[in-house]
$ cat entry_21.cif   # mmCIF, C-alpha atoms
data_protein
#
loop_
_atom_site.group_PDB
_atom_site.id
_atom_site.type_symbol
_atom_site.label_atom_id
_atom_site.label_comp_id
_atom_site.auth_asym_id
_atom_site.auth_seq_id
_atom_site.Cartn_x
_atom_site.Cartn_y
_atom_site.Cartn_z
ATOM 1 C CA MET A 1 27.222 61.012 127.867
ATOM 2 C CA THR A 2 29.899 61.698 125.288
ATOM 3 C CA THR A 3 33.171 59.904 125.284
ATOM 4 C CA ALA A 4 36.254 61.342 123.679
ATOM 5 C CA THR A 5 38.760 59.228 121.853
ATOM 6 C CA HIS A 6 42.350 60.385 121.635
ATOM 7 C CA THR A 7 44.834 59.468 118.938
ATOM 8 C CA PRO A 8 48.077 58.344 120.553
ATOM 9 C CA ALA A 9 50.639 61.079 120.220
ATOM 10 C CA LYS A 10 53.780 60.423 118.221
ATOM 11 C CA PRO A 11 56.912 60.100 120.324
ATOM 12 C CA VAL A 12 58.768 63.356 120.646
ATOM 13 C CA GLY A 13 61.889 63.429 118.488
ATOM 14 C CA ALA A 14 60.854 60.413 116.411
ATOM 15 C CA THR A 15 63.018 59.934 113.338
ATOM 16 C CA ILE A 16 62.802 57.901 110.166
ATOM 17 C CA THR A 17 65.384 55.142 110.342
ATOM 18 C CA ARG A 18 65.160 54.019 106.699
ATOM 19 C CA PRO A 19 68.464 54.856 104.943
ATOM 20 C CA ASN A 20 68.454 57.318 102.069
ATOM 21 C CA LEU A 21 68.458 55.292 98.860
ATOM 22 C CA THR A 22 70.575 57.849 96.988
ATOM 23 C CA SER A 23 73.290 57.680 99.646
ATOM 24 C CA VAL A 24 73.178 53.891 99.740
ATOM 25 C CA GLY A 25 73.418 53.680 95.948
ATOM 26 C CA THR A 26 76.397 56.043 95.945
ATOM 27 C CA ILE A 27 78.205 53.997 98.596
ATOM 28 C CA VAL A 28 77.600 50.769 96.646
ATOM 29 C CA TRP A 29 78.941 52.402 93.477
ATOM 30 C CA LEU A 30 82.008 53.712 95.300
ATOM 31 C CA SER A 31 82.634 50.181 96.559
ATOM 32 C CA SER A 32 82.935 49.055 92.942
ATOM 33 C CA GLU A 33 85.351 51.931 92.348
ATOM 34 C CA VAL A 34 87.494 50.655 95.214
ATOM 35 C CA MET A 35 87.814 47.349 93.368
ATOM 36 C CA PHE A 36 88.723 49.195 90.174
ATOM 37 C CA PHE A 37 91.574 51.087 91.803
ATOM 38 C CA ALA A 38 92.680 47.964 93.659
ATOM 39 C CA GLY A 39 93.185 46.403 90.238
ATOM 40 C CA LEU A 40 95.280 49.390 89.149
ATOM 41 C CA PHE A 41 97.410 49.111 92.294
ATOM 42 C CA ALA A 42 97.922 45.412 91.637
ATOM 43 C CA MET A 43 99.039 46.199 88.075
ATOM 44 C CA TYR A 44 101.483 48.823 89.368
ATOM 45 C CA PHE A 45 103.072 46.444 91.902
ATOM 46 C CA THR A 46 103.291 43.622 89.363
ATOM 47 C CA LEU A 47 105.080 45.752 86.772
ATOM 48 C CA ARG A 48 107.327 47.214 89.450
ATOM 49 C CA ALA A 49 108.324 43.726 90.619
ATOM 50 C CA THR A 50 109.227 42.641 87.094
ATOM 51 C CA SER A 51 111.120 45.813 86.098
ATOM 52 C CA PRO A 52 112.884 47.211 89.208
ATOM 53 C CA GLU A 53 115.705 48.802 87.193
ATOM 54 C CA VAL A 54 113.217 50.737 85.046
ATOM 55 C CA TRP A 55 111.503 52.008 88.213
ATOM 56 C CA HIS A 56 114.797 53.122 89.741
ATOM 57 C CA GLU A 57 115.732 55.059 86.617
ATOM 58 C CA ASN A 58 112.402 56.804 86.052
ATOM 59 C CA THR A 59 111.383 57.638 89.617
ATOM 60 C CA GLN A 60 114.414 59.917 89.857
ATOM 61 C CA LEU A 61 112.592 62.274 87.471
ATOM 62 C CA LEU A 62 109.567 62.751 89.731
ATOM 63 C CA ASN A 63 109.104 66.175 91.323
ATOM 64 C CA VAL A 64 108.225 65.025 94.843
ATOM 65 C CA PRO A 65 107.983 68.500 96.492
ATOM 66 C CA MET A 66 105.544 69.690 93.826
ATOM 67 C CA ALA A 67 103.489 66.505 94.162
ATOM 68 C CA LEU A 68 103.440 66.923 97.942
ATOM 69 C CA ALA A 69 102.188 70.501 97.657
ATOM 70 C CA ASN A 70 99.555 69.352 95.174
ATOM 71 C CA THR A 71 98.480 66.599 97.564
ATOM 72 C CA ILE A 72 98.048 69.117 100.365
ATOM 73 C CA VAL A 73 95.809 71.205 98.096
ATOM 74 C CA LEU A 74 93.622 68.194 97.323
ATOM 75 C CA VAL A 75 93.390 67.113 100.969
ATOM 76 C CA LEU A 76 92.416 70.648 102.019
ATOM 77 C CA SER A 77 89.739 70.614 99.318
ATOM 78 C CA SER A 78 88.083 67.772 101.228
ATOM 79 C CA VAL A 79 87.886 70.097 104.241
ATOM 80 C CA THR A 80 86.253 72.899 102.250
ATOM 81 C CA CYS A 81 83.913 70.362 100.653
ATOM 82 C CA GLN A 82 82.779 69.191 104.082
ATOM 83 C CA PHE A 83 82.066 72.762 105.162
ATOM 84 C CA GLY A 84 79.879 72.993 102.075
ATOM 85 C CA VAL A 85 78.055 69.863 103.225
ATOM 86 C CA PHE A 86 77.458 71.410 106.647
ATOM 87 C CA ALA A 87 75.907 74.428 104.937
ATOM 88 C CA ALA A 88 73.760 72.170 102.732
ATOM 89 C CA GLU A 89 72.534 70.324 105.816
ATOM 90 C CA ARG A 90 71.493 73.702 107.247
ATOM 91 C CA LEU A 91 69.669 74.261 103.927
ATOM 92 C CA GLN A 92 71.843 77.319 103.313
ATOM 93 C CA PRO A 93 72.743 77.409 99.606
ATOM 94 C CA ARG A 94 74.417 80.849 99.591
ATOM 95 C CA ARG A 95 76.232 83.211 101.939
ATOM 96 C CA THR A 96 74.318 85.412 104.329
ATOM 97 C CA GLY A 97 77.071 88.000 104.759
ATOM 98 C CA GLY A 98 79.991 89.543 102.938
ATOM 99 C CA ILE A 99 82.256 87.466 100.719
ATOM 100 C CA LEU A 100 85.048 87.760 103.279
ATOM 101 C CA GLN A 101 82.821 86.562 106.131
ATOM 102 C CA VAL A 102 83.758 82.907 105.794
ATOM 103 C CA THR A 103 81.635 81.869 108.767
ATOM 104 C CA LYS A 104 78.535 82.991 106.859
ATOM 105 C CA TRP A 105 79.336 81.193 103.628
ATOM 106 C CA GLY A 106 76.785 78.834 102.165
ATOM 107 C CA MET A 107 77.176 75.617 100.222
ATOM 108 C CA THR A 108 77.854 77.403 96.920
ATOM 109 C CA GLU A 109 80.823 79.404 98.224
ATOM 110 C CA TRP A 110 82.453 76.381 99.868
ATOM 111 C CA PHE A 111 81.905 74.214 96.806
ATOM 112 C CA ALA A 112 83.266 76.954 94.534
ATOM 113 C CA LEU A 113 86.449 77.036 96.613
ATOM 114 C CA THR A 114 86.622 73.248 96.486
ATOM 115 C CA PHE A 115 86.211 73.370 92.706
ATOM 116 C CA LEU A 116 89.051 75.883 92.428
ATOM 117 C CA MET A 117 91.381 73.735 94.522
ATOM 118 C CA GLY A 118 90.484 70.646 92.508
ATOM 119 C CA ALA A 119 91.138 72.525 89.269
ATOM 120 C CA VAL A 120 94.566 73.560 90.609
ATOM 121 C CA PHE A 121 95.320 69.917 91.408
ATOM 122 C CA VAL A 122 94.460 68.749 87.886
ATOM 123 C CA SER A 123 96.395 71.638 86.315
ATOM 124 C CA VAL A 124 99.533 70.819 88.301
ATOM 125 C CA GLN A 125 99.190 67.172 87.338
ATOM 126 C CA VAL A 126 98.968 68.119 83.653
ATOM 127 C CA TYR A 127 102.072 70.293 84.112
ATOM 128 C CA GLU A 128 103.882 67.308 85.613
ATOM 129 C CA TYR A 129 102.842 65.130 82.667
ATOM 130 C CA VAL A 130 104.267 67.670 80.221
ATOM 131 C CA ALA A 131 107.539 67.825 82.169
ATOM 132 C CA LEU A 132 107.878 64.028 82.282
ATOM 133 C CA VAL A 133 107.088 63.632 78.582
ATOM 134 C CA SER A 134 109.840 66.138 77.813
ATOM 135 C CA GLU A 135 112.189 63.838 79.755
ATOM 136 C CA GLY A 136 111.131 60.880 77.642
ATOM 137 C CA VAL A 137 108.714 59.304 80.138
ATOM 138 C CA THR A 138 105.681 58.488 77.987
ATOM 139 C CA ILE A 139 102.941 55.908 78.312
ATOM 140 C CA ALA A 140 104.490 53.859 75.504
ATOM 141 C CA ALA A 141 108.122 54.253 76.584
ATOM 142 C CA ASN A 142 108.315 51.415 79.116
ATOM 143 C CA ALA A 143 106.473 49.598 81.897
ATOM 144 C CA TYR A 144 106.957 52.486 84.307
ATOM 145 C CA GLY A 145 105.411 55.022 81.944
ATOM 146 C CA SER A 146 102.413 52.770 81.359
ATOM 147 C CA ALA A 147 101.867 52.159 85.082
ATOM 148 C CA PHE A 148 102.378 55.804 86.055
ATOM 149 C CA TYR A 149 100.069 57.353 83.485
ATOM 150 C CA ILE A 150 97.350 54.720 83.774
ATOM 151 C CA THR A 151 97.097 54.913 87.574
ATOM 152 C CA THR A 152 97.427 58.673 87.970
ATOM 153 C CA GLY A 153 95.539 59.357 84.739
ATOM 154 C CA PHE A 154 92.456 57.423 85.785
ATOM 155 C CA HIS A 155 92.524 59.259 89.088
ATOM 156 C CA ALA A 156 92.742 62.607 87.274
ATOM 157 C CA LEU A 157 89.683 61.611 85.247
ATOM 158 C CA HIS A 158 87.811 60.870 88.469
ATOM 159 C CA VAL A 159 88.819 64.263 89.885
ATOM 160 C CA THR A 160 87.601 65.922 86.687
ATOM 161 C CA GLY A 161 84.301 64.078 87.058
ATOM 162 C CA GLY A 162 84.030 65.453 90.585
ATOM 163 C CA LEU A 163 84.626 68.992 89.319
ATOM 164 C CA ILE A 164 81.796 68.574 86.817
ATOM 165 C CA ALA A 165 79.558 67.308 89.621
ATOM 166 C CA PHE A 166 80.339 70.409 91.712
ATOM 167 C CA LEU A 167 79.355 72.639 88.799
ATOM 168 C CA PHE A 168 76.097 70.708 88.468
ATOM 169 C CA ILE A 169 75.292 71.023 92.179
ATOM 170 C CA MET A 170 76.093 74.743 92.272
ATOM 171 C CA GLY A 171 74.028 75.341 89.133
ATOM 172 C CA ARG A 172 71.088 73.492 90.649
ATOM 173 C CA ALA A 173 71.338 75.620 93.794
ATOM 174 C CA PHE A 174 71.114 78.790 91.697
ATOM 175 C CA VAL A 175 68.094 77.721 89.658
ATOM 176 C CA ALA A 176 66.167 76.042 92.472
ATOM 177 C CA LYS A 177 63.292 78.153 93.744
ATOM 178 C CA ARG A 178 63.651 76.528 97.127
ATOM 179 C CA PHE A 179 66.746 74.746 98.402
ATOM 180 C CA GLY A 180 65.400 71.671 100.151
ATOM 181 C CA HIS A 181 66.425 68.217 101.301
ATOM 182 C CA TYR A 182 66.593 66.874 97.745
ATOM 183 C CA GLU A 183 69.244 69.430 96.778
ATOM 184 C CA ALA A 184 71.060 68.890 100.077
ATOM 185 C CA THR A 185 71.178 65.129 99.508
ATOM 186 C CA SER A 186 72.733 65.670 96.069
ATOM 187 C CA ALA A 187 75.445 67.818 97.652
ATOM 188 C CA ILE A 188 76.118 65.203 100.308
ATOM 189 C CA VAL A 189 76.558 62.312 97.860
ATOM 190 C CA VAL A 190 78.935 64.426 95.752
ATOM 191 C CA SER A 191 80.986 64.963 98.907
ATOM 192 C CA TYR A 192 81.167 61.180 99.372
ATOM 193 C CA TYR A 193 82.684 60.913 95.903
ATOM 194 C CA TRP A 194 85.134 63.760 96.506
ATOM 195 C CA HIS A 195 86.369 62.309 99.799
ATOM 196 C CA PHE A 196 86.799 58.990 97.997
ATOM 197 C CA VAL A 197 89.034 60.424 95.254
ATOM 198 C CA ASP A 198 91.053 62.232 97.930
ATOM 199 C CA VAL A 199 91.698 59.015 99.846
ATOM 200 C CA VAL A 200 92.630 57.193 96.639
ATOM 201 C CA TRP A 201 95.132 59.924 95.794
ATOM 202 C CA ILE A 202 96.769 59.694 99.222
ATOM 203 C CA VAL A 203 97.352 55.978 98.588
ATOM 204 C CA LEU A 204 98.625 56.731 95.068
ATOM 205 C CA PHE A 205 100.903 59.491 96.330
ATOM 206 C CA VAL A 206 102.544 57.216 98.909
ATOM 207 C CA LEU A 207 102.839 54.419 96.348
ATOM 208 C CA VAL A 208 104.164 56.445 93.405
ATOM 209 C CA TYR A 209 106.212 59.182 95.083
ATOM 210 C CA PHE A 210 107.526 57.588 98.286
ATOM 211 C CA ILE A 211 107.614 53.825 97.924
ATOM 212 C CA LYS A 212 108.429 54.372 94.224
#

$ encode --input "entry_21.cif" --output "structure tokens"
Amino acid sequence: MTTATHTPAKPVGATITRPNLTSVGTIVWLSSEVMFFAGLFAMYFTLRATSPEVWHENTQLLNVPMALANTIVLVLSSVTCQFGVFAAERLQPRRTGGILQVTKWGMTEWFALTFLMGAVFVSVQVYEYVALVSEGVTIAANAYGSAFYITTGFHALHVTGGLIAFLFIMGRAFVAKRFGHYEATSAIVVSYYWHFVDVVWIVLFVLVYFIK
């Protein structure tokens, strides 16, 4: 008589519950960045409290409508970035239809649009710097100039870093023979960073352009 032994079947729909180490590392790093910007906010409030008359004089020179429009561009770039993440999660690096068929765009097209919007944001911010310098608001002029350029300048550097990361991710998608979970994970962690710089700018925008 022969007896058959059966290996217990794996539960249907079983998933791996261990968190992705790349995502966890990115979140931990972004937590340190939160502390960095918290320090910049503290500096801004401290200088503002000690020099209220300087703040009142210099904030009148800010172009609030332009900054608001620029903020909208950056916030919308978070939306396009997330659509790129959805495409990466589907393992779809490039579009499957015409360039005008937005619903068939892949990660590369959405990230390219996000890159363009981020580049517009940085360009407008540089334009604002030039305009303020022409009005005499420089980093060495007074406490307001130092606080304004340090806080917004560090944020602009972070946005620029995000733009470089998008170029890296899109380049990897083009050279990869097969777009897999490794490439998708890289796209997802870049989106974490981009959403982070967007949230930081919203706080900065309210602080610098509305609370003043």

$ closest_residue --input "entry_21.cif" --among "A:Gly25, A:Gly161, A:Gly118, A:Gly39" --to "Val189 of chain A" --atoms "only C-alpha atoms"
A:Gly25

$ resolve_selection --input "entry_21.cif" --expression "the PyMOL selection byres ((chain A and resi 164) around 12)" --output "PDB file with C-alpha atoms, keeping the file's coordinate frame"
ATOM      1  CA  PHE A 111      81.905  74.214  96.806  1.00  0.00           C
ATOM      2  CA  ALA A 112      83.266  76.954  94.534  1.00  0.00           C
ATOM      3  CA  THR A 114      86.622  73.248  96.486  1.00  0.00           C
ATOM      4  CA  PHE A 115      86.211  73.370  92.706  1.00  0.00           C
ATOM      5  CA  LEU A 116      89.051  75.883  92.428  1.00  0.00           C
ATOM      6  CA  GLY A 118      90.484  70.646  92.508  1.00  0.00           C
ATOM      7  CA  ALA A 119      91.138  72.525  89.269  1.00  0.00           C
ATOM      8  CA  LEU A 157      89.683  61.611  85.247  1.00  0.00           C
ATOM      9  CA  HIS A 158      87.811  60.870  88.469  1.00  0.00           C
ATOM     10  CA  VAL A 159      88.819  64.263  89.885  1.00  0.00           C
ATOM     11  CA  THR A 160      87.601  65.922  86.687  1.00  0.00           C
ATOM     12  CA  GLY A 161      84.301  64.078  87.058  1.00  0.00           C
ATOM     13  CA  GLY A 162      84.030  65.453  90.585  1.00  0.00           C
ATOM     14  CA  LEU A 163      84.626  68.992  89.319  1.00  0.00           C
ATOM     15  CA  ALA A 165      79.558  67.308  89.621  1.00  0.00           C
ATOM     16  CA  PHE A 166      80.339  70.409  91.712  1.00  0.00           C
ATOM     17  CA  LEU A 167      79.355  72.639  88.799  1.00  0.00           C
ATOM     18  CA  PHE A 168      76.097  70.708  88.468  1.00  0.00           C
ATOM     19  CA  ILE A 169      75.292  71.023  92.179  1.00  0.00           C
ATOM     20  CA  MET A 170      76.093  74.743  92.272  1.00  0.00           C
ATOM     21  CA  GLY A 171      74.028  75.341  89.133  1.00  0.00           C
ATOM     22  CA  VAL A 190      78.935  64.426  95.752  1.00  0.00           C
ATOM     23  CA  TYR A 193      82.684  60.913  95.903  1.00  0.00           C
ATOM     24  CA  TRP A 194      85.134  63.760  96.506  1.00  0.00           C
TER      25      TRP A 194
END

$ closest_residue --input "entry_21.cif" --among "A:Tyr129, A:Phe37, A:Tyr209, A:Trp110" --to "Val79 of chain A" --atoms "only C-alpha atoms"
A:Trp110

$ atom_distance --input "entry_21.cif" --atom1 "atom CA of Ala67 of chain A" --atom2 "atom CA of Val102 of chain A"
28.2 Å

$ residues_around --input "entry_21.cif" --residues "Tyr127 of chain A" --least-positions-apart "5" --cutoff "12 Å" --atoms "only C-alpha atoms" --output "PDB file with C-alpha atoms, in the frame of the given file"
ATOM      1  CA  ASN A  63     109.104  66.175  91.323  1.00  0.00           C
ATOM      2  CA  MET A  66     105.544  69.690  93.826  1.00  0.00           C
ATOM      3  CA  ALA A  67     103.489  66.505  94.162  1.00  0.00           C
ATOM      4  CA  ASN A  70      99.555  69.352  95.174  1.00  0.00           C
ATOM      5  CA  VAL A 120      94.566  73.560  90.609  1.00  0.00           C
ATOM      6  CA  PHE A 121      95.320  69.917  91.408  1.00  0.00           C
ATOM      7  CA  VAL A 122      94.460  68.749  87.886  1.00  0.00           C
ATOM      8  CA  LEU A 132     107.878  64.028  82.282  1.00  0.00           C
ATOM      9  CA  VAL A 133     107.088  63.632  78.582  1.00  0.00           C
ATOM     10  CA  SER A 134     109.840  66.138  77.813  1.00  0.00           C
TER      11      SER A 134
END

$ resolve_selection --input "entry_21.cif" --expression "the PyMOL selection byres ((chain A and resi 108) around 9)" --output "PyMOL selection string"
chain A and resi 84+87-88+92-95+105-107+109-113+169-171+173-174

$ closest_residue --input "entry_21.cif" --among "A:Val85, A:Leu30, A:Val73, A:Leu68" --to "Phe210 of chain A" --atoms "all atoms listed in the file"
A:Leu68

$ closest_residue --input "entry_21.cif" --among "A:Trp55, A:Phe41, A:Phe83, A:Tyr144" --to "Trp201 of chain A" --atoms "only C-alpha atoms"
A:Phe41

$ closest_residue --input "entry_21.cif" --among "A:Val34, A:Leu100, A:Leu62, A:Val175" --to "His155 of chain A" --atoms "all atoms listed in the file"
A:Val34

$ decode --input "entry_21.cif" --residues "segment 22-43 of chain A" --atoms "C-alpha atoms" --output "compact mmCIF listing (two decimals), in the first residue's frame"
# COMPACT_ATOMS: atom_id res chain seq x y z
CA THR A 22 14.20 51.38 1.21
CA SER A 23 10.87 52.99 2.09
CA VAL A 24 11.57 52.78 5.81
CA GLY A 25 15.02 54.34 5.35
CA THR A 26 13.53 57.17 3.29
CA ILE A 27 10.89 57.89 5.92
CA VAL A 28 13.52 57.96 8.68
CA TRP A 29 15.65 60.35 6.63
CA LEU A 30 12.67 62.61 5.93
CA SER A 31 12.00 62.69 9.67
CA SER A 32 15.45 64.23 10.15
CA GLU A 33 14.60 66.74 7.43
CA VAL A 34 11.49 67.72 9.37
CA MET A 35 13.73 68.62 12.31
CA PHE A 36 15.99 70.62 10.00
CA PHE A 37 13.14 72.75 8.68
CA ALA A 38 11.68 73.08 12.17
CA GLY A 39 14.96 74.73 13.13
CA LEU A 40 14.65 77.12 10.18
CA PHE A 41 11.09 78.01 11.20
CA ALA A 42 12.25 78.66 14.75
CA MET A 43 14.99 80.97 13.43
